[in-house]
Structures are given as structure tokens and as C-alpha cells.
$ cat run_25.cif   # mmCIF, C-alpha atoms and all ligand atoms
data_data
loop_
_atom_site.label_atom_id
_atom_site.label_comp_id
_atom_site.auth_asym_id
_atom_site.auth_seq_id
_atom_site.Cartn_x
_atom_site.Cartn_y
_atom_site.Cartn_z
CA MET O 695 100.41 103.70 85.97
CA SER O 696 99.35 103.77 82.37
CA ILE O 697 96.55 101.84 80.79
CA ARG O 698 96.60 100.02 77.51
CA ALA O 699 94.32 97.87 75.46
CA GLY O 700 94.43 94.18 76.21
CA ALA O 701 95.60 94.81 79.75
CA ALA O 702 92.88 92.54 81.11
CA ARG O 703 93.86 90.48 84.09
CA ILE O 704 92.09 87.33 85.07
CA ALA O 705 91.19 87.13 88.74
CA SER O 706 92.71 84.00 90.23
CA PRO O 707 90.26 81.13 90.73
CA GLU O 708 90.74 81.42 94.50
CA ALA O 709 89.86 85.14 94.54
CA ALA O 710 86.87 85.83 96.75
CA VAL O 711 83.51 86.48 95.11
CA MET O 712 82.75 90.04 96.23
CA ALA O 713 79.37 90.47 94.60
CA SER O 714 76.93 88.14 92.89
CA PHE O 715 73.59 88.14 91.13
CA GLN O 716 71.84 84.80 91.42
CA ASN O 717 68.84 84.34 89.17
CA VAL O 718 67.75 87.94 89.64
CA THR O 719 64.47 89.19 88.23
CA LYS O 720 63.18 92.73 88.66
CA SER O 721 59.64 93.53 87.62
CA PHE O 722 58.02 96.94 87.39
CA GLY O 723 54.36 95.95 87.22
CA ALA O 724 54.05 93.44 84.39
CA PHE O 725 57.35 94.57 82.81
CA LYS O 726 60.52 92.63 83.55
CA ALA O 727 63.47 95.03 83.57
CA LEU O 728 65.72 92.08 84.53
CA ASP O 729 64.96 88.45 83.80
CA ARG O 730 66.90 85.72 85.66
CA VAL O 731 70.26 87.48 85.44
CA GLN O 732 73.34 85.76 86.88
CA PHE O 733 76.89 87.01 87.24
CA GLU O 734 79.59 87.41 89.83
CA ILE O 735 82.51 89.73 90.39
CA LYS O 736 85.63 88.62 92.16
CA GLN O 737 88.10 90.60 94.16
CA GLY O 738 90.63 92.21 91.82
CA GLU O 739 88.28 92.18 88.87
CA ILE O 740 86.58 94.89 86.79
CA LEU O 741 83.38 93.80 85.08
CA GLY O 742 82.00 95.91 82.25
CA LEU O 743 78.23 95.90 81.87
CA LEU O 744 77.14 96.60 78.30
CA GLY O 745 73.75 96.87 76.72
CA PRO O 746 71.59 99.18 74.62
CA ASN O 747 69.53 101.95 76.25
CA GLY O 748 66.87 100.42 78.47
CA ALA O 749 68.65 97.04 78.70
CA GLY O 750 68.55 97.01 82.51
CA LYS O 751 72.08 98.12 83.44
CA THR O 752 71.07 100.88 85.83
CA THR O 753 68.40 98.64 87.34
CA ALA O 754 71.02 95.94 88.03
CA MET O 755 73.37 98.48 89.58
CA ARG O 756 70.66 100.00 91.77
CA ILE O 757 69.84 96.54 93.10
CA LEU O 758 73.51 95.89 93.80
CA ALA O 759 73.77 99.22 95.61
CA GLY O 760 70.79 98.29 97.79
CA TYR O 761 68.68 101.07 96.31
CA PHE O 762 65.77 98.70 95.80
CA PRO O 763 65.37 94.91 96.18
CA PRO O 764 65.02 92.39 93.35
CA THR O 765 61.57 90.86 92.77
CA ASN O 766 63.14 87.40 92.72
CA GLY O 767 66.57 85.92 93.19
CA ARG O 768 69.46 86.56 95.51
CA VAL O 769 72.09 89.29 95.52
CA THR O 770 75.19 89.01 97.67
CA ILE O 771 77.87 91.47 98.69
CA ASP O 772 80.96 89.99 100.24
CA GLY O 773 79.24 86.69 100.91
CA SER O 774 76.10 87.98 102.63
CA SER O 775 72.73 88.43 101.06
CA ILE O 776 71.73 92.08 100.74
CA ALA O 777 68.22 91.13 101.88
CA ASP O 778 69.53 89.62 105.14
CA HIS O 779 72.17 92.24 105.93
CA PRO O 780 71.25 95.45 104.10
CA GLU O 781 73.27 97.82 106.30
CA LYS O 782 76.42 95.71 106.17
CA ALA O 783 76.12 95.37 102.40
CA LYS O 784 75.64 99.12 101.91
CA ARG O 785 78.77 99.90 103.91
CA ARG O 786 80.80 97.63 101.63
CA VAL O 787 79.60 99.36 98.47
CA GLY O 788 80.53 102.61 96.74
CA TYR O 789 78.04 103.73 94.12
CA VAL O 790 78.26 106.37 91.41
CA PRO O 791 74.72 106.73 90.07
CA GLU O 792 73.89 107.58 86.48
CA THR O 793 72.91 111.12 87.46
CA VAL O 794 74.70 112.33 90.53
CA GLN O 795 72.36 114.07 93.01
CA LEU O 796 74.29 116.26 95.40
CA TYR O 797 73.52 118.86 98.03
CA GLY O 798 74.34 122.12 96.27
CA ASP O 799 74.71 124.35 99.30
CA GLN O 800 77.76 122.62 100.75
CA THR O 801 81.34 123.04 99.66
CA VAL O 802 83.08 120.03 98.14
CA LEU O 803 85.16 119.65 101.29
CA GLU O 804 82.18 119.90 103.66
CA PHE O 805 80.24 117.39 101.62
CA LEU O 806 83.03 114.82 101.42
CA ASP O 807 83.78 115.22 105.12
CA PHE O 808 80.10 114.62 105.83
CA VAL O 809 80.03 111.49 103.65
CA ALA O 810 83.19 110.22 105.36
CA GLN O 811 81.42 110.60 108.73
CA ILE O 812 78.38 108.69 107.50
CA LYS O 813 80.61 105.95 106.16
CA GLY O 814 82.21 105.64 109.57
CA VAL O 815 85.72 106.90 108.76
CA SER O 816 87.19 107.67 112.19
CA ARG O 817 87.83 111.32 113.07
CA PRO O 818 91.67 111.09 113.22
CA GLU O 819 91.82 109.54 109.76
CA ARG O 820 89.13 111.64 108.20
CA SER O 821 90.89 114.78 107.03
CA LYS O 822 93.85 112.84 105.60
CA HIS O 823 91.54 110.42 103.80
CA VAL O 824 89.36 113.21 102.36
CA GLU O 825 92.47 115.14 101.28
CA ASP O 826 93.83 112.09 99.52
CA ILE O 827 90.57 111.62 97.64
CA LEU O 828 90.38 115.31 96.68
CA TYR O 829 93.78 114.92 95.02
CA ARG O 830 93.01 111.62 93.35
CA CYS O 831 89.81 112.93 91.82
CA GLY O 832 91.28 116.25 90.67
CA LEU O 833 89.16 118.23 93.12
CA TRP O 834 91.78 119.92 95.28
CA GLU O 835 91.50 123.28 93.51
CA VAL O 836 87.72 123.43 93.92
CA ARG O 837 87.46 122.02 97.44
CA ARG O 838 86.11 125.29 98.87
CA ARG O 839 83.58 125.89 96.09
CA LEU O 840 79.86 125.27 96.55
CA ILE O 841 78.85 122.04 94.82
CA GLY O 842 75.80 123.74 93.29
CA ARG O 843 78.08 126.12 91.38
CA LEU O 844 80.38 123.47 89.95
CA SER O 845 80.29 122.51 86.29
CA LYS O 846 78.75 119.15 85.35
CA GLY O 847 82.10 117.40 84.97
CA PHE O 848 83.26 118.57 88.38
CA ARG O 849 80.00 117.42 89.98
CA GLN O 850 80.59 114.04 88.33
CA ARG O 851 84.04 113.95 89.94
CA VAL O 852 82.47 114.73 93.34
CA GLY O 853 80.09 111.83 92.73
CA PHE O 854 83.05 109.58 92.06
CA ALA O 855 84.89 110.88 95.13
CA GLN O 856 81.97 110.17 97.49
CA ALA O 857 81.74 106.62 96.12
CA ILE O 858 85.36 105.74 96.88
CA LEU O 859 85.34 107.38 100.32
CA GLY O 860 85.66 104.86 103.09
CA ASP O 861 87.46 102.44 100.81
CA PRO O 862 84.55 100.14 99.86
CA GLY O 863 85.34 96.64 98.61
CA VAL O 864 82.77 96.83 95.83
CA LEU O 865 82.50 99.78 93.45
CA ILE O 866 79.46 100.28 91.26
CA LEU O 867 79.99 102.86 88.55
CA ASP O 868 77.10 103.74 86.26
CA GLU O 869 78.66 105.39 83.19
CA PRO O 870 81.46 106.92 85.26
CA THR O 871 83.19 108.85 82.47
CA THR O 872 80.13 110.33 80.75
CA GLY O 873 80.41 114.11 80.63
CA LEU O 874 84.08 114.32 81.60
CA ASP O 875 86.76 116.04 79.55
CA PRO O 876 89.41 113.83 77.88
CA THR O 877 92.14 114.43 80.48
CA GLN O 878 89.73 113.58 83.30
CA ILE O 879 88.47 110.53 81.44
CA HIS O 880 92.02 109.27 81.25
CA LYS O 881 92.63 109.98 84.95
CA ILE O 882 89.39 108.39 86.09
CA ARG O 883 90.09 105.28 84.00
CA GLU O 884 93.52 104.99 85.57
CA LEU O 885 91.98 105.42 88.98
CA ILE O 886 89.38 102.74 88.24
CA ARG O 887 92.09 100.30 87.16
CA GLU O 888 94.12 101.09 90.23
CA LEU O 889 91.10 100.65 92.52
CA GLY O 890 90.17 97.45 90.68
CA ARG O 891 93.44 95.80 91.61
CA ASP O 892 92.20 94.77 95.03
CA ARG O 893 88.48 95.48 94.87
CA ALA O 894 85.57 94.31 92.78
CA VAL O 895 84.37 96.89 90.29
CA ILE O 896 81.34 96.84 88.04
CA LEU O 897 80.92 99.64 85.54
CA SER O 898 78.47 100.34 82.77
CA THR O 899 79.40 102.29 79.71
CA HIS O 900 78.38 103.01 76.14
CA ILE O 901 81.99 103.71 75.18
CA LEU O 902 83.11 100.34 73.87
CA PRO O 903 86.85 101.09 73.66
CA GLU O 904 86.59 101.93 77.36
CA VAL O 905 85.68 98.32 78.02
CA SER O 906 88.80 97.01 76.29
CA LEU O 907 90.91 99.58 78.11
CA VAL O 908 89.53 99.18 81.59
CA CYS O 909 87.60 95.94 82.05
CA ASP O 910 88.77 92.38 82.63
CA ARG O 911 85.44 90.82 81.82
CA VAL O 912 82.27 91.85 80.03
CA ALA O 913 78.61 91.03 80.58
CA ILE O 914 76.22 92.02 77.82
CA ILE O 915 72.56 92.48 78.66
CA ASN O 916 69.72 93.04 76.25
CA ARG O 917 66.10 93.61 77.25
CA GLY O 918 66.76 92.42 80.77
CA ARG O 919 68.55 89.21 79.86
CA LEU O 920 72.22 88.32 80.02
CA ILE O 921 73.17 87.35 76.47
CA ALA O 922 76.95 86.99 76.73
CA GLU O 923 79.63 86.97 79.37
CA GLY O 924 83.39 86.49 79.32
CA THR O 925 86.70 88.24 78.76
CA VAL O 926 86.92 90.55 75.75
CA ALA O 927 89.28 87.99 74.19
CA GLU O 928 86.80 85.17 74.76
CA LEU O 929 83.97 87.11 73.18
CA GLU O 930 86.17 87.99 70.22
CA ALA O 931 87.34 84.40 69.85
CA GLY O 932 83.71 83.24 69.88
CA LEU O 933 82.98 85.18 66.72
CA LYS O 934 86.28 85.76 64.98
CA PRO O 935 87.20 85.92 62.21
CA GLY O 936 83.81 86.91 60.92
CA GLN O 937 83.39 90.30 59.41
CA GLU O 938 81.00 93.19 59.29
CA VAL O 939 80.16 94.48 55.83
CA ARG O 940 78.77 97.99 55.53
CA LEU O 941 77.28 99.06 52.27
CA THR O 942 75.07 101.69 50.67
CA THR O 943 72.61 100.93 47.89
CA GLY O 944 70.11 102.96 45.88
CA GLU O 945 66.47 102.03 45.23
CA ALA O 946 65.36 102.57 48.81
CA HIS O 947 61.76 101.81 47.82
CA ARG O 948 62.85 98.19 47.20
CA ARG O 949 64.12 97.85 50.79
CA GLU O 950 62.23 94.66 51.58
CA ASN O 951 63.44 92.86 48.43
CA ILE O 952 67.04 93.95 48.88
CA THR O 953 67.04 92.90 52.53
CA ALA O 954 65.59 89.50 51.61
CA TRP O 955 68.31 88.90 48.97
CA PHE O 956 71.03 89.67 51.48
CA GLU O 957 69.43 87.38 54.04
CA SER O 958 69.45 84.53 51.53
CA ILE O 959 73.20 84.76 50.87
CA ALA O 960 75.16 81.88 52.44
CA GLY O 961 77.25 83.04 55.41
CA ILE O 962 75.30 86.18 56.20
CA ARG O 963 74.12 85.99 59.79
CA SER O 964 72.31 89.28 60.21
CA VAL O 965 71.09 92.11 58.05
CA GLN O 966 70.35 95.52 59.46
CA VAL O 967 69.32 98.79 57.82
CA THR O 968 71.13 101.44 59.86
CA ASP O 969 69.85 104.44 57.93
CA GLU O 970 67.67 105.39 55.00
CA ARG O 971 67.88 108.79 53.33
CA GLU O 972 67.80 110.43 49.90
CA GLY O 973 66.65 107.22 48.29
CA ARG O 974 69.61 105.26 49.68
CA LEU O 975 69.80 102.37 52.11
CA PHE O 976 72.69 101.98 54.55
CA TYR O 977 73.25 98.37 55.54
CA SER O 978 75.27 96.62 58.18
CA LEU O 979 75.66 92.88 57.56
CA PHE O 980 77.46 90.32 59.68
CA ALA O 981 79.13 87.43 57.91
CA ALA O 982 80.25 84.22 59.60
CA GLU O 983 83.81 82.97 59.75
CA GLY O 984 85.21 81.68 56.49
CA TYR O 985 82.69 83.38 54.20
CA GLU O 986 83.59 86.08 51.71
CA VAL O 987 80.16 87.45 50.97
CA ARG O 988 81.06 90.57 49.00
CA PRO O 989 81.24 89.03 45.48
CA GLU O 990 77.76 87.52 45.90
CA ILE O 991 76.37 90.83 47.21
CA THR O 992 77.76 92.65 44.18
CA ARG O 993 76.57 89.98 41.74
CA ARG O 994 73.05 90.07 43.14
CA LEU O 995 72.78 93.86 43.10
CA VAL O 996 74.06 94.07 39.50
CA GLN O 997 71.64 91.34 38.43
CA GLU O 998 68.72 93.24 39.99
CA ASN O 999 69.89 96.59 38.68
CA VAL O 1000 70.35 98.18 42.11
CA PRO O 1001 73.23 100.66 42.32
CA LEU O 1002 75.92 100.01 44.94
CA TYR O 1003 77.51 103.25 46.16
CA GLU O 1004 79.91 102.00 48.78
CA MET O 1005 81.03 98.77 50.45
CA THR O 1006 83.59 98.15 53.21
CA ALA O 1007 84.40 95.13 55.35
CA ASN O 1008 85.90 95.11 58.84
CA ARG O 1009 87.00 92.34 61.11
CA LEU O 1010 84.88 92.07 64.19
CA GLY O 1011 86.01 94.18 67.13
CA LEU O 1012 84.13 94.60 70.38
CA GLU O 1013 81.70 97.06 68.84
CA GLU O 1014 80.71 94.68 66.08
CA ILE O 1015 80.54 91.76 68.50
CA PHE O 1016 78.23 93.79 70.68
CA LEU O 1017 76.02 94.77 67.76
CA SER O 1018 76.02 91.30 66.32
CA LEU O 1019 75.02 89.69 69.65
CA VAL O 1020 72.32 92.24 70.36
CA LEU O 1021 70.91 92.20 66.84
CA GLN O 1022 70.82 88.39 66.72
CA ASP O 1023 69.16 88.13 70.11
CA PRO O 1024 65.58 86.94 69.49
CA ALA O 1025 64.40 89.49 72.10
CA THR O 1026 65.51 92.37 69.88
CA PRO O 1027 62.59 93.58 67.77
CA ALA O 1028 62.83 93.12 63.99
CA GLU O 1029 63.34 96.83 63.42
CA GLY O 1030 66.52 96.62 65.50
CA ILE O 1031 67.84 98.77 68.30
CA LEU O 1032 67.59 102.01 66.41
CA PRO O 1033 64.49 104.12 67.01
N1 LIG O 1101 61.24 102.66 88.51
C1 LIG O 1101 60.89 102.16 87.33
N2 LIG O 1101 59.60 101.97 87.00
C2 LIG O 1101 59.23 101.43 85.81
N3 LIG O 1101 60.11 101.07 84.85
C3 LIG O 1101 61.40 101.26 85.10
C4 LIG O 1101 61.87 101.83 86.34
N4 LIG O 1101 63.23 101.87 86.30
C5 LIG O 1101 63.58 101.38 85.08
N5 LIG O 1101 62.50 101.01 84.37
C6 LIG O 1101 62.51 100.41 83.01
O1 LIG O 1101 63.40 99.32 83.04
C7 LIG O 1101 64.11 99.23 81.81
C8 LIG O 1101 65.60 99.22 82.09
O2 LIG O 1101 65.99 100.52 82.50
P1 LIG O 1101 67.49 100.85 82.94
O3 LIG O 1101 67.51 102.25 83.43
O4 LIG O 1101 67.98 99.79 83.86
O5 LIG O 1101 68.26 100.73 81.53
P2 LIG O 1101 69.79 101.01 81.19
O6 LIG O 1101 70.35 99.74 80.63
O7 LIG O 1101 70.49 101.60 82.35
O8 LIG O 1101 69.67 102.06 79.99
P3 LIG O 1101 70.57 103.34 79.62
O9 LIG O 1101 71.68 102.82 78.75
O10 LIG O 1101 69.63 104.19 78.83
O11 LIG O 1101 71.04 103.99 80.88
C9 LIG O 1101 63.66 100.41 80.97
O12 LIG O 1101 62.65 99.95 80.09
C10 LIG O 1101 63.07 101.37 82.00
O13 LIG O 1101 62.05 102.17 81.42
MG MG O 1102 71.38 103.39 82.67
#
$ encode --input "run_25.cif" --output "C-alpha cells"
Amino acid sequence: MSIRAGAARIASPEAAVMASFQNVTKSFGAFKALDRVQFEIKQGEILGLLGPNGAGKTTAMRILAGYFPPTNGRVTIDGSSIADHPEKAKRRVGYVPETVQLYGDQTVLEFLDFVAQIKGVSRPERSKHVEDILYRCGLWEVRRRLIGRLSKGFRQRVGFAQAILGDPGVLILDEPTTGLDPTQIHKIRELIRELGRDRAVILSTHILPEVSLVCDRVAIINRGRLIAEGTVAELEAGLKPGQEVRLTTGEAHRRENITAWFESIAGIRSVQVTDEREGRLFYSLFAAEGYEVRPEITRRLVQENVPLYEMTANRLGLEEIFLSLVLQDPATPAEGILP
């Protein structure tokens, strides 16, 4: 099977809800890592979870994997609440954590056989099932190597393999392709799509093209709150055909004035300084549908005697949609998401 952009499938309305978050809040002391988050994943659907660093993605996935409970709200796996049936829920879930912790003194084969036992794969089926997974995850050649001596990418593959052992109905993948080489990334994405045909998959990633390639639906979280949810096409349609204008000006010491002029131009929805160096300011502006803001930008800069070094405009793709939604979210601090 090959994967391509725009290959999103919509789960049929009758498809079973395999996992859901109902009004979930997670507090660490006074800090809310998740604030009343709601979403569901149906059978045959791959949901991409996006958000800046610290948004709450890993926290959401740990709750779904039964790693810790929510402070408030209800989480279900296959119709039952995790709180009421924790063991049942855990058996239905395969989880690839952000950093895979593995026992280093076992071989890959020993470890996977051990996990298969824990997950209740019956003895007659076990060796065939483990063999199949070794092949699918590109681990056959290293099956007799000690896990502790494997390279990072291979350990990541072992993490993926242990998650899909036992054929769980819900797969939770926290940045599953981070640290893999390009051929493995391609293989793992294919495998995720294949697995997602009859399971429910939730994956987080910072690689936005990965979302278009792999996911059917997207949920964007920012500072613990769900700020957008839908198919990639729906999110694009919500904002298209706006554009992102990137430009570089001089006179960095006049940053506040320049920013204020841009903000006052009709059609400009957000203004962000992405970098400042050597006396220059690098801007990213988002303009609403139907507005051509570039002539006014140029006019204003000429009038104020500020040099313009470069200006480009792009239609909004997923990356710009993501940035635009996050930057416009009132929860995002004024200085933006950059440190
Ligand atoms: N055990 C914990 N105790 C206190 N705060 C925590 C704990 N776990 C997470 N947090 C905080 O919750 C917030 C969300 O963290 P989380 O790891 O879920 O973010 P993330 O979206 O996965 O980010 P990244 O993209 O960097 O992986 C962060 O501010 C983090 O510091
Ligand atoms: Mg994370």
C-alpha cells in the first residue's frame, strides 16, 4: 500500500466510538495541563493531535493509556470508562510513549515474547505473532541483539512493536516517527495507515505534512485547551483562501511602531515577529480571505522610511493554519510561541 496526501477517509457515522475524552481536565497542583478537553476517535479513524511544546498532548495520551487518571471528566475505551474498568481498558490499548523505556538486558525477541505473554497472546499463537511483528517493524535482522545495544531508531521500532503486539483496538502513538530514518518513517507511516483501517489511532506529531499524509482528522490543542478539530480539508476550508505574508524590514529598533502599523492594516488578522537579528525584523502576518495586503504594507513602509528587504505570500496550508490558530488563541502569550 502506498500513502498519499489527501488520502483521508471519513469513518462512517455508524462506526463505533473506540475512545473518547469527555470534558477532561488534568491539573498538576494549580496548573491545568488539560482544560475541559473533548474528542472521540472512531474505529477505522486516525486522529492527529497537534499543538506547540507543552500544549498537553503527552498528558492526554498518558491519560488515554491509563498511565494516570484525569482530575475531572470521563475517558472511555471501547465504551467503558477507564476509571471503572482500568484493566480491561489497558488490554485494549497499545501505547508508544514519547521516550521509549525498555529493558536493555533482553534481546528484542525475548522482550517481545515477554510482552506478548503479558498481553495474553496464547502460547500456540505467540511465536507466529511475534515473528509477524518483527517483520512488519523491520526488526527481523536484530531480533537476537540486546535492546540496550540497539541504536535509538531501532529502540523506537521496538517501542512501536510492543505497542501493536496483541492487536489492540486503540493505538496511542506519541510522536511515533521522531528519530527514525526516512525509509523507516515511510514504512511506519504505511503501517500506521494499515493498522488504522480497522482500529482507532491517535498520534501526536510536530511534522505537519505527516498529518496530511497519515491522519483522517486533526485536533489542535494549545495550553491545555482544544482550539480546533476536524478533517484537514475542513480546517483548510475554514480559513482559505487567506494568505500568510512573510517579510523582512530594517529599523529593528522601531519594532513596536512597525508592528502597530501592520496591525492597523485592514485584513491583517495576526502579526508575529519570528526573528530579530542584525537590525532586521522578520515578520509573519496572516491576512483574511479576499484581502491583498501587500500594497498597503509597502506603501506604509515607504512612507515611514523603513527599508523592506523581502516579502513573500503563501496560501494557507496546514502549517499556516496551525500557526494562525495557535497565534490567534487568546491563551497564547503576546510574545508568541517562540521562546
Ligand atoms: N507530572 C507532571 N507534573 C507537573 N507538570 C507536568 C507533568 N506532566 C506534564 N506537566 C506539564 O503539563 C504541560 C503539558 O505537558 P505535555 O508533556 O503534555 O506537553 P506536550 O504537548 O506533549 O509537549 P511536547 O510537544 O513538548 O511533547 C507542560 O507545561 C508540562 O510541564
Ligand atoms: Mg509530548
$ closest_residue --input "run_25.cif" --among "O:Glu781, O:Asp861, O:Glu869, O:Glu972" --to "ligand MG 1102 (chain O)" --atoms "all atoms listed in the file"
O:Glu869
$ residues_near_point --input "run_25.cif" --point "(72.2, 88.7, 60.8)" --cutoff "9 Å" --atoms "all atoms listed in the file" --output "ChimeraX atom specification"
/O:957,962-966,978-981,1018,1021-1022
$ residues_around --input "run_25.cif" --residues "region 991-999 of chain O" --least-positions-apart "5" --cutoff "10 Å" --atoms "only C-alpha atoms" --output "list in words"
Leu941, Thr943, Gly944, Glu945, Asn951, Ile952, Trp955, Phe956, Ile959, Glu986 and Met1005 of chain O
$ closest_atom_pairs --input "run_25.cif" --of "chain O" --to "ligand LIG 1101 (chain O)" --cutoff "10 Å" --atoms "only C-alpha atoms and all ligand atoms" --output "JSON lines"
{"residue": "O:Lys720", "atom": "CA", "partner": "O:LIG1101", "partner_atom": "O1", "distance": 8.7}
{"residue": "O:Ser721", "atom": "CA", "partner": "O:LIG1101", "partner_atom": "N3", "distance": 8.0}
{"residue": "O:Phe722", "atom": "CA", "partner": "O:LIG1101", "partner_atom": "C2", "distance": 4.9}
{"residue": "O:Gly723", "atom": "CA", "partner": "O:LIG1101", "partner_atom": "C2", "distance": 7.5}
{"residue": "O:Ala724", "atom": "CA", "partner": "O:LIG1101", "partner_atom": "C2", "distance": 9.6}
{"residue": "O:Phe725", "atom": "CA", "partner": "O:LIG1101", "partner_atom": "N3", "distance": 7.4}
{"residue": "O:Lys726", "atom": "CA", "partner": "O:LIG1101", "partner_atom": "O1", "distance": 7.3}
{"residue": "O:Ala727", "atom": "CA", "partner": "O:LIG1101", "partner_atom": "O1", "distance": 4.3}
{"residue": "O:Leu728", "atom": "CA", "partner": "O:LIG1101", "partner_atom": "C8", "distance": 7.5}
{"residue": "O:Leu743", "atom": "CA", "partner": "O:LIG1101", "partner_atom": "O6", "distance": 8.9}
{"residue": "O:Leu744", "atom": "CA", "partner": "O:LIG1101", "partner_atom": "O6", "distance": 7.8}
{"residue": "O:Gly745", "atom": "CA", "partner": "O:LIG1101", "partner_atom": "O6", "distance": 5.9}
{"residue": "O:Pro746", "atom": "CA", "partner": "O:LIG1101", "partner_atom": "O9", "distance": 5.5}
{"residue": "O:Asn747", "atom": "CA", "partner": "O:LIG1101", "partner_atom": "O9", "distance": 3.4}
{"residue": "O:Gly748", "atom": "CA", "partner": "O:LIG1101", "partner_atom": "O5", "distance": 3.4}
{"residue": "O:Ala749", "atom": "CA", "partner": "O:LIG1101", "partner_atom": "O6", "distance": 3.7}
{"residue": "O:Gly750", "atom": "CA", "partner": "O:LIG1101", "partner_atom": "O4", "distance": 3.1}
{"residue": "O:Lys751", "atom": "CA", "partner": "O:LIG1101", "partner_atom": "O6", "distance": 3.7}
{"residue": "O:Thr752", "atom": "CA", "partner": "O:LIG1101", "partner_atom": "O7", "distance": 3.6}
{"residue": "O:Thr753", "atom": "CA", "partner": "O:LIG1101", "partner_atom": "O4", "distance": 3.7}
{"residue": "O:Ala754", "atom": "CA", "partner": "O:LIG1101", "partner_atom": "O4", "distance": 6.4}
{"residue": "O:Met755", "atom": "CA", "partner": "O:LIG1101", "partner_atom": "O4", "distance": 8.0}
{"residue": "O:Arg756", "atom": "CA", "partner": "O:LIG1101", "partner_atom": "O4", "distance": 8.4}
{"residue": "O:Ile757", "atom": "CA", "partner": "O:LIG1101", "partner_atom": "O4", "distance": 10.0}
{"residue": "O:Phe762", "atom": "CA", "partner": "O:LIG1101", "partner_atom": "N1", "distance": 9.5}
{"residue": "O:Glu792", "atom": "CA", "partner": "O:LIG1101", "partner_atom": "O11", "distance": 7.2}
{"residue": "O:Thr793", "atom": "CA", "partner": "O:LIG1101", "partner_atom": "O11", "distance": 9.9}
{"residue": "O:Asp868", "atom": "CA", "partner": "O:LIG1101", "partner_atom": "O7", "distance": 8.0}
{"residue": "O:Glu869", "atom": "CA", "partner": "O:LIG1101", "partner_atom": "O11", "distance": 8.1}
{"residue": "O:Ser898", "atom": "CA", "partner": "O:LIG1101", "partner_atom": "O7", "distance": 8.1}
{"residue": "O:Thr899", "atom": "CA", "partner": "O:LIG1101", "partner_atom": "O9", "distance": 7.8}
{"residue": "O:His900", "atom": "CA", "partner": "O:LIG1101", "partner_atom": "O9", "distance": 7.2}
{"residue": "O:Ile915", "atom": "CA", "partner": "O:LIG1101", "partner_atom": "O6", "distance": 7.8}
{"residue": "O:Asn916", "atom": "CA", "partner": "O:LIG1101", "partner_atom": "O6", "distance": 8.0}
{"residue": "O:Arg917", "atom": "CA", "partner": "O:LIG1101", "partner_atom": "C8", "distance": 7.4}
{"residue": "O:Gly918", "atom": "CA", "partner": "O:LIG1101", "partner_atom": "C8", "distance": 7.0}
$ atom_distance --input "run_25.cif" --atom1 "CA of Gly863 (chain O)" --atom2 "CA of Asp799 (chain O)"
29.7 Å
$ atom_distance --input "run_25.cif" --atom1 "CA of Tyr797 (chain O)" --atom2 "CA of Arg838 (chain O)"
14.2 Å
$ axis_aligned_box --input "run_25.cif" --around "region 1001-1009 of chain O" --padding-each-side "6 Å" --output "AutoDock Vina command-line options"
--center_x 80.1 --center_y 97.8 --center_z 51.7 --size_x 25.8 --size_y 22.9 --size_z 30.8
$ residues_near_point --input "run_25.cif" --point "(91.0, 97.2, 89.3)" --cutoff "10 Å" --atoms "all atoms listed in the file" --output "PyMOL selection string"
chain O and resi 702-703+737-741+865+883-896+908-910
$ closest_residue --input "run_25.cif" --among "O:Leu897, O:Ala954, O:Ile858, O:Val731" --to "ligand MG 1102 (chain O)" --atoms "all atoms listed in the file"
O:Leu897
